[in-house]
$ cat upload-v1.pdb   # PDB, C-alpha atoms and all ligand atoms
MODEL        1
ATOM      1  CA  MET R1148       0.000   0.000   0.000
ATOM      2  CA  GLU R1149       1.376   3.370  -0.997
ATOM      3  CA  ILE R1150       0.267   6.353   1.093
ATOM      4  CA  LEU R1151       0.581   9.808  -0.462
ATOM      5  CA  VAL R1152       0.043  12.803   1.804
ATOM      6  CA  ALA R1153      -0.510  16.157   0.150
ATOM      7  CA  GLN R1154      -1.757  19.587   1.071
ATOM      8  CA  THR R1155      -5.517  19.837   0.609
ATOM      9  CA  ALA R1156      -5.100  22.172  -2.361
ATOM     10  CA  ALA R1157      -2.802  19.689  -4.114
ATOM     11  CA  ILE R1158      -5.155  16.667  -3.894
ATOM     12  CA  GLY R1159      -6.764  17.412  -7.256
ATOM     13  CA  GLN R1160      -3.433  17.632  -9.031
ATOM     14  CA  LEU R1161      -2.437  14.243  -7.610
ATOM     15  CA  GLY R1162      -5.728  12.849  -8.870
ATOM     16  CA  GLY R1163      -4.898  14.197 -12.315
ATOM     17  CA  GLU R1164      -1.496  12.530 -12.290
ATOM     18  CA  LEU R1165      -2.926   9.190 -11.165
ATOM     19  CA  ILE R1166      -5.629   9.035 -13.868
ATOM     20  CA  ALA R1167      -3.233  10.279 -16.548
ATOM     21  CA  ARG R1168      -0.811   7.478 -15.668
ATOM     22  CA  GLN R1169      -3.621   4.907 -15.844
ATOM     23  CA  LEU R1170      -5.065   6.113 -19.149
ATOM     24  CA  ARG R1171      -1.624   6.457 -20.718
ATOM     25  CA  SER R1172      -0.815   2.843 -19.925
ATOM     26  CA  LYS R1173      -4.335   1.605 -20.859
ATOM     27  CA  PRO R1174      -6.504   4.088 -22.792
ATOM     28  CA  ASP R1175      -9.430   1.619 -22.817
ATOM     29  CA  SER R1176      -9.394   1.244 -19.015
ATOM     30  CA  ILE R1177     -12.488   0.209 -17.116
ATOM     31  CA  LEU R1178     -12.736   2.865 -14.416
ATOM     32  CA  GLY R1179     -14.639   2.437 -11.153
ATOM     33  CA  LEU R1180     -15.978   5.838 -10.120
ATOM     34  CA  ALA R1181     -17.218   7.199  -6.809
ATOM     35  CA  THR R1182     -19.473   9.941  -5.503
ATOM     36  CA  GLY R1183     -19.392  12.071  -2.346
ATOM     37  CA  SER R1184     -17.523  15.284  -1.702
ATOM     38  CA  THR R1185     -14.114  13.558  -1.651
ATOM     39  CA  PRO R1186     -13.646  12.839  -5.382
ATOM     40  CA  ILE R1187     -14.714  16.341  -6.448
ATOM     41  CA  PRO R1188     -11.154  17.797  -6.549
ATOM     42  CA  PHE R1189     -10.108  14.811  -8.707
ATOM     43  CA  TYR R1190     -13.027  15.353 -11.079
ATOM     44  CA  LYS R1191     -12.367  19.112 -11.342
ATOM     45  CA  GLU R1192      -8.790  18.400 -12.341
ATOM     46  CA  TRP R1193      -9.814  15.708 -14.852
ATOM     47  CA  ILE R1194     -12.268  18.154 -16.445
ATOM     48  CA  SER R1195      -9.610  20.822 -16.802
ATOM     49  CA  LEU R1196      -7.060  18.330 -18.207
ATOM     50  CA  VAL R1197      -9.614  17.163 -20.802
ATOM     51  CA  GLY R1198     -10.442  20.805 -21.576
ATOM     52  CA  ARG R1199      -6.761  21.514 -22.215
ATOM     53  CA  GLY R1200      -6.467  18.438 -24.442
ATOM     54  CA  GLU R1201      -4.030  16.756 -22.029
ATOM     55  CA  LEU R1202      -6.267  13.811 -21.123
ATOM     56  CA  SER R1203      -8.879  11.784 -22.965
ATOM     57  CA  PHE R1204     -11.471   9.322 -21.714
ATOM     58  CA  ALA R1205     -12.670   8.593 -25.261
ATOM     59  CA  ARG R1206     -11.707   4.904 -25.149
ATOM     60  CA  ALA R1207     -12.446   4.303 -21.450
ATOM     61  CA  ARG R1208     -15.563   2.880 -19.802
ATOM     62  CA  SER R1209     -16.842   3.627 -16.313
ATOM     63  CA  PHE R1210     -18.878   1.843 -13.666
ATOM     64  CA  ASN R1211     -20.108   3.734 -10.648
ATOM     65  CA  LEU R1212     -20.037   2.163  -7.223
ATOM     66  CA  ASP R1213     -23.533   2.843  -6.044
ATOM     67  CA  GLU R1214     -26.878   4.594  -6.286
ATOM     68  CA  TYR R1215     -29.750   5.329  -3.920
ATOM     69  CA  ALA R1216     -32.767   3.064  -4.354
ATOM     70  CA  GLY R1217     -36.118   4.626  -5.102
ATOM     71  CA  LEU R1218     -34.770   8.060  -5.950
ATOM     72  CA  PRO R1219     -35.639   9.208  -9.471
ATOM     73  CA  ARG R1220     -32.525   9.420 -11.642
ATOM     74  CA  ALA R1221     -33.223  13.100 -12.306
ATOM     75  CA  HIS R1222     -33.463  13.907  -8.550
ATOM     76  CA  SER R1223     -30.884  16.510  -7.586
ATOM     77  CA  GLN R1224     -29.290  14.096  -5.070
ATOM     78  CA  SER R1225     -29.210  10.947  -7.166
ATOM     79  CA  TYR R1226     -25.702   9.731  -7.886
ATOM     80  CA  TRP R1227     -26.638   9.776 -11.571
ATOM     81  CA  THR R1228     -27.190  13.561 -11.322
ATOM     82  CA  PHE R1229     -24.027  13.952  -9.235
ATOM     83  CA  MET R1230     -21.956  12.213 -11.896
ATOM     84  CA  GLN R1231     -23.450  14.201 -14.771
ATOM     85  CA  GLU R1232     -22.889  17.514 -13.004
ATOM     86  CA  ASN R1233     -19.490  16.862 -11.514
ATOM     87  CA  LEU R1234     -17.829  14.877 -14.278
ATOM     88  CA  LEU R1235     -19.594  13.094 -17.114
ATOM     89  CA  ARG R1236     -21.181  16.084 -18.841
ATOM     90  CA  HIS R1237     -17.791  17.798 -19.007
ATOM     91  CA  ILE R1238     -15.487  15.076 -20.337
ATOM     92  CA  ASP R1239     -15.228  12.974 -23.485
ATOM     93  CA  LEU R1240     -16.283   9.653 -21.929
ATOM     94  CA  ARG R1241     -19.010   8.230 -24.204
ATOM     95  CA  VAL R1242     -22.503   8.231 -22.676
ATOM     96  CA  SER R1243     -22.946   4.605 -23.772
ATOM     97  CA  ALA R1244     -19.719   3.722 -21.933
ATOM     98  CA  THR R1245     -20.889   4.900 -18.510
ATOM     99  CA  GLU R1246     -22.789   2.659 -16.119
ATOM    100  CA  ILE R1247     -24.493   3.646 -12.877
ATOM    101  CA  PRO R1248     -26.755   1.207 -11.000
ATOM    102  CA  ASN R1249     -30.402   1.963 -11.743
ATOM    103  CA  GLY R1250     -31.979   2.739  -8.381
ATOM    104  CA  GLU R1251     -35.354   3.182 -10.071
ATOM    105  CA  ALA R1252     -35.529  -0.395 -11.347
ATOM    106  CA  ALA R1253     -38.832  -2.093 -10.495
ATOM    107  CA  ASP R1254     -36.855  -5.235  -9.632
ATOM    108  CA  LEU R1255     -33.758  -4.142  -7.723
ATOM    109  CA  GLN R1256     -32.393  -7.691  -7.404
ATOM    110  CA  ALA R1257     -32.567  -8.144 -11.173
ATOM    111  CA  GLU R1258     -30.773  -4.817 -11.596
ATOM    112  CA  CYS R1259     -27.952  -6.065  -9.333
ATOM    113  CA  VAL R1260     -27.580  -9.202 -11.471
ATOM    114  CA  ARG R1261     -27.599  -7.106 -14.666
ATOM    115  CA  TYR R1262     -24.937  -4.761 -13.244
ATOM    116  CA  ASP R1263     -22.627  -7.619 -12.260
ATOM    117  CA  ARG R1264     -23.022  -9.295 -15.657
ATOM    118  CA  THR R1265     -22.262  -6.049 -17.504
ATOM    119  CA  LEU R1266     -19.225  -5.453 -15.327
ATOM    120  CA  GLU R1267     -17.952  -8.994 -15.760
ATOM    121  CA  SER R1268     -18.394  -8.979 -19.524
ATOM    122  CA  ALA R1269     -16.428  -5.701 -19.637
ATOM    123  CA  GLY R1270     -13.576  -7.577 -17.951
ATOM    124  CA  GLY R1271     -13.804  -6.122 -14.432
ATOM    125  CA  ILE R1272     -12.459  -2.876 -13.025
ATOM    126  CA  ASP R1273      -8.922  -1.773 -13.897
ATOM    127  CA  TRP R1274      -8.771   1.317 -11.705
ATOM    128  CA  GLN R1275     -11.169   1.900  -8.805
ATOM    129  CA  LEU R1276     -11.568   5.272  -7.103
ATOM    130  CA  LEU R1277     -12.913   5.155  -3.531
ATOM    131  CA  GLY R1278     -13.881   7.543  -0.785
ATOM    132  CA  ILE R1279     -14.520   6.330   2.758
ATOM    133  CA  GLY R1280     -17.568   6.876   4.941
ATOM    134  CA  HIS R1281     -17.163   8.052   8.531
ATOM    135  CA  ASN R1282     -18.117   4.538   9.639
ATOM    136  CA  GLY R1283     -15.592   2.906   7.298
ATOM    137  CA  HIS R1284     -17.973   2.035   4.471
ATOM    138  CA  ILE R1285     -16.739   1.911   0.885
ATOM    139  CA  GLY R1286     -19.310   2.320  -1.853
ATOM    140  CA  PHE R1287     -22.316   1.549   0.323
ATOM    141  CA  ASN R1288     -20.797  -1.584   1.853
ATOM    142  CA  GLU R1289     -21.797  -0.868   5.431
ATOM    143  CA  PRO R1290     -20.172  -2.269   8.590
ATOM    144  CA  GLY R1291     -21.844  -5.428   9.857
ATOM    145  CA  PRO R1292     -21.372  -9.066  10.796
ATOM    146  CA  SER R1293     -20.806 -10.003   7.155
ATOM    147  CA  LEU R1294     -19.986  -8.462   3.790
ATOM    148  CA  THR R1295     -21.364  -9.276   0.339
ATOM    149  CA  ALA R1296     -19.191 -10.012  -2.680
ATOM    150  CA  GLY R1297     -21.407  -8.945  -5.586
ATOM    151  CA  THR R1298     -23.711  -6.036  -6.367
ATOM    152  CA  HIS R1299     -26.564  -5.990  -3.872
ATOM    153  CA  VAL R1300     -29.294  -3.956  -2.238
ATOM    154  CA  VAL R1301     -28.234  -2.543   1.116
ATOM    155  CA  GLU R1302     -30.071  -0.984   4.050
ATOM    156  CA  LEU R1303     -28.187   2.228   4.765
ATOM    157  CA  ALA R1304     -26.710   2.592   8.244
ATOM    158  CA  GLU R1305     -28.301   5.341  10.324
ATOM    159  CA  GLU R1306     -24.976   7.209  10.567
ATOM    160  CA  THR R1307     -24.668   7.120   6.766
ATOM    161  CA  ARG R1308     -28.156   8.548   6.330
ATOM    162  CA  GLN R1309     -27.341  11.235   8.875
ATOM    163  CA  ALA R1310     -24.009  12.076   7.202
ATOM    164  CA  ASN R1311     -25.699  12.288   3.791
ATOM    165  CA  SER R1312     -28.722  14.241   5.084
ATOM    166  CA  ARG R1313     -26.685  17.420   4.598
ATOM    167  CA  PHE R1314     -27.558  17.128   0.906
ATOM    168  CA  PHE R1315     -31.307  16.628   1.456
ATOM    169  CA  ASP R1316     -34.036  18.867   2.893
ATOM    170  CA  SER R1317     -34.418  16.593   5.917
ATOM    171  CA  LEU R1318     -33.248  13.230   7.271
ATOM    172  CA  ASP R1319     -36.625  11.747   6.291
ATOM    173  CA  ASP R1320     -35.879  12.518   2.646
ATOM    174  CA  VAL R1321     -32.679  10.426   2.647
ATOM    175  CA  PRO R1322     -33.366   7.035   1.020
ATOM    176  CA  ARG R1323     -33.168   3.998   3.315
ATOM    177  CA  GLN R1324     -31.789   1.649   0.690
ATOM    178  CA  ALA R1325     -29.173   1.723  -2.023
ATOM    179  CA  ILE R1326     -27.604  -0.517  -4.642
ATOM    180  CA  THR R1327     -23.872  -0.963  -4.237
ATOM    181  CA  VAL R1328     -21.224  -3.053  -5.911
ATOM    182  CA  GLY R1329     -19.933  -5.552  -3.379
ATOM    183  CA  MET R1330     -16.624  -6.001  -1.638
ATOM    184  CA  GLY R1331     -15.624  -8.788  -4.023
ATOM    185  CA  THR R1332     -15.988  -6.481  -7.018
ATOM    186  CA  ILE R1333     -14.005  -3.729  -5.322
ATOM    187  CA  LEU R1334     -11.222  -6.057  -4.208
ATOM    188  CA  LYS R1335     -10.953  -7.612  -7.679
ATOM    189  CA  ALA R1336     -10.113  -4.187  -9.182
ATOM    190  CA  ARG R1337      -6.576  -4.334 -10.525
ATOM    191  CA  GLU R1338      -5.687  -1.045  -8.843
ATOM    192  CA  ILE R1339      -7.483   0.932  -6.133
ATOM    193  CA  VAL R1340      -7.099   4.597  -5.207
ATOM    194  CA  LEU R1341      -8.626   5.545  -1.853
ATOM    195  CA  VAL R1342      -8.971   9.256  -1.110
ATOM    196  CA  ALA R1343      -9.795  10.964   2.192
ATOM    197  CA  GLN R1344      -9.671  14.541   3.314
ATOM    198  CA  GLY R1345     -10.230  16.417   6.552
ATOM    199  CA  GLU R1346      -9.802  15.799  10.254
ATOM    200  CA  GLY R1347     -13.199  14.102  10.457
ATOM    201  CA  LYS R1348     -11.806  11.141   8.501
ATOM    202  CA  ALA R1349      -8.475  10.863  10.386
ATOM    203  CA  GLU R1350      -9.613   8.292  12.969
ATOM    204  CA  ILE R1351     -11.398   5.962  10.535
ATOM    205  CA  VAL R1352      -8.502   6.206   8.044
ATOM    206  CA  ALA R1353      -6.013   5.180  10.758
ATOM    207  CA  GLN R1354      -8.210   2.265  11.845
ATOM    208  CA  ALA R1355      -8.841   1.123   8.276
ATOM    209  CA  LEU R1356      -5.203   1.213   7.228
ATOM    210  CA  THR R1357      -3.500  -0.002  10.384
ATOM    211  CA  GLY R1358      -6.113  -1.785  12.514
ATOM    212  CA  PRO R1359      -7.483  -5.307  12.283
ATOM    213  CA  VAL R1360      -9.202  -6.398   9.067
ATOM    214  CA  MET R1361     -12.844  -6.868   9.997
ATOM    215  CA  THR R1362     -16.310  -6.730   8.488
ATOM    216  CA  GLU R1363     -17.215  -4.045  11.026
ATOM    217  CA  LEU R1364     -14.836  -1.795   9.099
ATOM    218  CA  PRO R1365     -15.205  -2.622   5.395
ATOM    219  CA  ALA R1366     -12.364  -0.320   4.271
ATOM    220  CA  SER R1367      -9.910  -2.387   6.365
ATOM    221  CA  PHE R1368     -10.138  -5.098   3.659
ATOM    222  CA  LEU R1369      -8.105  -2.805   1.419
ATOM    223  CA  GLN R1370      -5.092  -3.956   3.488
ATOM    224  CA  LEU R1371      -5.437  -7.309   1.692
ATOM    225  CA  HIS R1372      -5.220  -5.819  -1.806
ATOM    226  CA  ALA R1373      -1.933  -5.891  -3.713
ATOM    227  CA  LYS R1374      -2.132  -2.461  -5.343
ATOM    228  CA  VAL R1375      -3.719   0.305  -3.297
ATOM    229  CA  THR R1376      -2.711   3.965  -3.392
ATOM    230  CA  VAL R1377      -4.086   6.088  -0.557
ATOM    231  CA  VAL R1378      -4.280   9.838  -1.134
ATOM    232  CA  LEU R1379      -4.718  11.868   2.055
ATOM    233  CA  ASP R1380      -4.518  15.490   2.985
ATOM    234  CA  GLU R1381      -2.506  16.298   6.100
ATOM    235  CA  ALA R1382      -5.600  16.410   8.319
ATOM    236  CA  ALA R1383      -6.864  12.975   7.202
ATOM    237  CA  ALA R1384      -3.362  11.543   7.722
ATOM    238  CA  SER R1385      -2.931  13.079  11.174
ATOM    239  CA  LYS R1386      -3.710   9.907  13.182
ATOM    240  CA  LEU R1387      -1.560   7.509  11.166
TER     241      LEU R1387
HETATM  242  C1  LIG X   1     -21.305   8.113   0.416
HETATM  243  C2  LIG X   1     -20.866   7.248  -0.771
HETATM  244  C3  LIG X   1     -19.447   6.764  -0.635
HETATM  245  C4  LIG X   1     -18.559   7.891  -0.150
HETATM  246  C5  LIG X   1     -18.982   8.323   1.226
HETATM  247  C6  LIG X   1     -18.158   9.466   1.795
HETATM  248  O1  LIG X   1     -22.176   7.523   1.295
HETATM  249  N1  LIG X   1     -21.713   6.147  -1.044
HETATM  250  O2  LIG X   1     -19.002   6.220  -1.863
HETATM  251  O3  LIG X   1     -17.220   7.479  -0.126
HETATM  252  O4  LIG X   1     -20.335   8.678   1.235
HETATM  253  O5  LIG X   1     -18.619  10.686   1.330
HETATM  254  P1  LIG X   1     -17.792  12.030   1.423
HETATM  255  O6  LIG X   1     -16.706  11.919   0.423
HETATM  256  O7  LIG X   1     -18.768  13.100   1.059
HETATM  257  O8  LIG X   1     -17.287  12.135   2.818
ENDMDL
END
$ encode --input "upload-v1.pdb" --output "structure tokens" --more "lines below"
Ligand code: GLP
Amino acid sequence: MEILVAQTAAIGQLGGELIARQLRSKPDSILGLATGSTPIPFYKEWISLVGRGELSFARARSFNLDEYAGLPRAHSQSYWTFMQENLLRHIDLRVSATEIPNGEAADLQAECVRYDRTLESAGGIDWQLLGIGHNGHIGFNEPGPSLTAGTHVVELAEETRQANSRFFDSLDDVPRQAITVGMGTILKAREIVLVAQGEGKAEIVAQALTGPVMTELPASFLQLHAKVTVVLDEAAASKL
């Protein structure tokens, strides 16, 4: 595991260097993309690199980690909307080459099966971007007595709903379920980049990277992966 610590303002630039390296070595990479506030500096930098003609996603494909269940795709807080606004609309990744779980599907289980099949037939994830929840979740793989390998429907932990309620009018408006790719899918990615910023993440980052590997802290499983790069600002690294 390689840990890179940068000043908060330099996180985006690091994100630009990491994706440029990946797409240079494999222009048709299958990228695993994430939502949340953490990847935004990465996405801003990618957009400006594409705008300057220094980076192209034209041959890449992307699979997002997760989506709320029951939220219309066009809802301002759906992850579909997040991805359009913060990245996809602004870069040259083909619309037909981007996949986000469909949280509006009438049959959510069937949607999970479809997502896994699509991902598998694409050849799996080459480069997976991850944030980390305050409770150690990755994607929406929540802490618990067990973890699930494939894409599945998850009941969101109360602390996750509370953390994400800042984006909704009230806690009641935060969906109770989501679709997430599973831990098996994440850990099969050929390379993983985990990003965390801010003092609020320092404790969980230290536990995930240096504590015991346990299902109660899903991000701790990243310790078992052969190629993980962790990008932290100084505050998020302060308890390591
Ligand atoms: C959400 C997402 C995760 C994300 C996490 C942290 O619940 N499902 O993929 O990593 O929250 O979000 P933030 O980066 O805003 O702290």
$ residues_around --input "upload-v1.pdb" --residues "R:Leu1170" --least-positions-apart "6" --cutoff "9 Å" --atoms "all atoms listed in the file" --output "list in words"
Ser1176, Leu1202, Ser1203, Phe1204 and Ala1207 of chain R
$ residues_near_ligand --input "upload-v1.pdb" --ligand "ligand LIG 1 (chain X)" --cutoff "7 Å" --atoms "all atoms listed in the file" --output "ChimeraX atom specification"
/R:1181-1186,1212-1213,1277-1281,1285-1287,1307,1311
$ resolve_selection --input "upload-v1.pdb" --expression "the PyMOL selection byres (((chain R and resi 1217) around 7) and not hetatm)" --output "ChimeraX atom specification"
/R:1215-1216,1218-1219,1250-1251
$ closest_residue --input "upload-v1.pdb" --among "R:Ala1383, R:Ala1373, R:Val1321, R:Leu1294" --to "R:Gln1354" --atoms "only C-alpha atoms"
R:Ala1383
$ axis_aligned_box --input "upload-v1.pdb" --around "stretch 1292-1298 of chain R" --padding-each-side "8 Å" --output "lines of an AutoDock Vina configuration file"
center_x = -21.5
center_y = -8.0
center_z = 2.2
size_x = 20.5
size_y = 20.0
size_z = 33.2
$ closest_residue --input "upload-v1.pdb" --among "R:Glu1164, R:Glu1192, R:Glu1258, R:Glu1289" --to "R:Thr1362" --atoms "all atoms listed in the file"
R:Glu1289
$ residues_around --input "upload-v1.pdb" --residues "R:Tyr1262" --least-positions-apart "2" --cutoff "9 Å" --atoms "all atoms listed in the file" --output "PyMOL selection string"
chain R and resi 1210+1246-1249+1257-1260+1264-1267+1298+1328
$ atom_distance --input "upload-v1.pdb" --atom1 "atom CA of R:Glu1149" --atom2 "atom CA of R:Thr1376"
4.8 Å
$ resolve_selection --input "upload-v1.pdb" --expression "the PyMOL selection byres (((chain R and resi 1190) around 9) and not hetatm)" --output "number ranges by chain"
R: 1159, 1162-1163, 1186-1189, 1191-1195, 1233-1234
$ atom_distance --input "upload-v1.pdb" --atom1 "atom CA of R:Ile1326" --atom2 "atom CA of R:Leu1255"
7.8 Å
$ atom_distance --input "upload-v1.pdb" --atom1 "atom CA of R:Ser1312" --atom2 "atom CA of R:Gln1256"
25.5 Å
$ resolve_selection --input "upload-v1.pdb" --expression "the PyMOL selection byres (((chain R and resi 1302) around 6) and not hetatm)" --output "number ranges by chain"
R: 1301, 1303, 1323-1324
$ closest_residue --input "upload-v1.pdb" --among "R:Met1230, R:Ile1238, R:Ala1384, R:Val1197" --to "R:Glu1350" --atoms "only C-alpha atoms"
R:Ala1384
$ residues_around --input "upload-v1.pdb" --residues "stretch 1333-1337 of chain R" --least-positions-apart "5" --cutoff "7 Å" --atoms "only C-alpha atoms" --output "list of chain:residue names"
R:Gly1271, R:Ile1272, R:Asp1273, R:Trp1274, R:Gln1275, R:His1372
$ closest_residue --input "upload-v1.pdb" --among "R:Ala1167, R:Leu1180, R:Val1152, R:Leu1161" --to "R:Ser1385" --atoms "only C-alpha atoms"
R:Val1152
$ closest_residue --input "upload-v1.pdb" --among "R:Ala1252, R:Leu1369, R:Ala1382, R:Leu1276" --to "R:Glu1214" --atoms "all atoms listed in the file"
R:Ala1252
$ residues_around --input "upload-v1.pdb" --residues "R:Val1375" --least-positions-apart "2" --cutoff "6 Å" --atoms "all atoms listed in the file" --output "VMD selection string"
chain R and resid 1148 1339 to 1340
$ closest_residue --input "upload-v1.pdb" --among "R:Gly1198, R:His1284, R:Met1330, R:Ala1253" --to "R:Ala1355" --atoms "all atoms listed in the file"
R:His1284
$ residues_around --input "upload-v1.pdb" --residues "R:Val1342" --least-positions-apart "2" --cutoff "6 Å" --atoms "all atoms listed in the file" --output "PyMOL selection string"
chain R and resi 1278+1377-1379
$ write_last_selection --input "upload-v1.pdb" --atoms "C-alpha atoms" --output "compact mmCIF listing (two decimals), keeping the file's coordinate frame"
# COMPACT_ATOMS: atom_id res chain seq x y z
CA GLY R 1278 -13.88 7.54 -0.78
CA VAL R 1377 -4.09 6.09 -0.56
CA VAL R 1378 -4.28 9.84 -1.13
CA LEU R 1379 -4.72 11.87 2.06
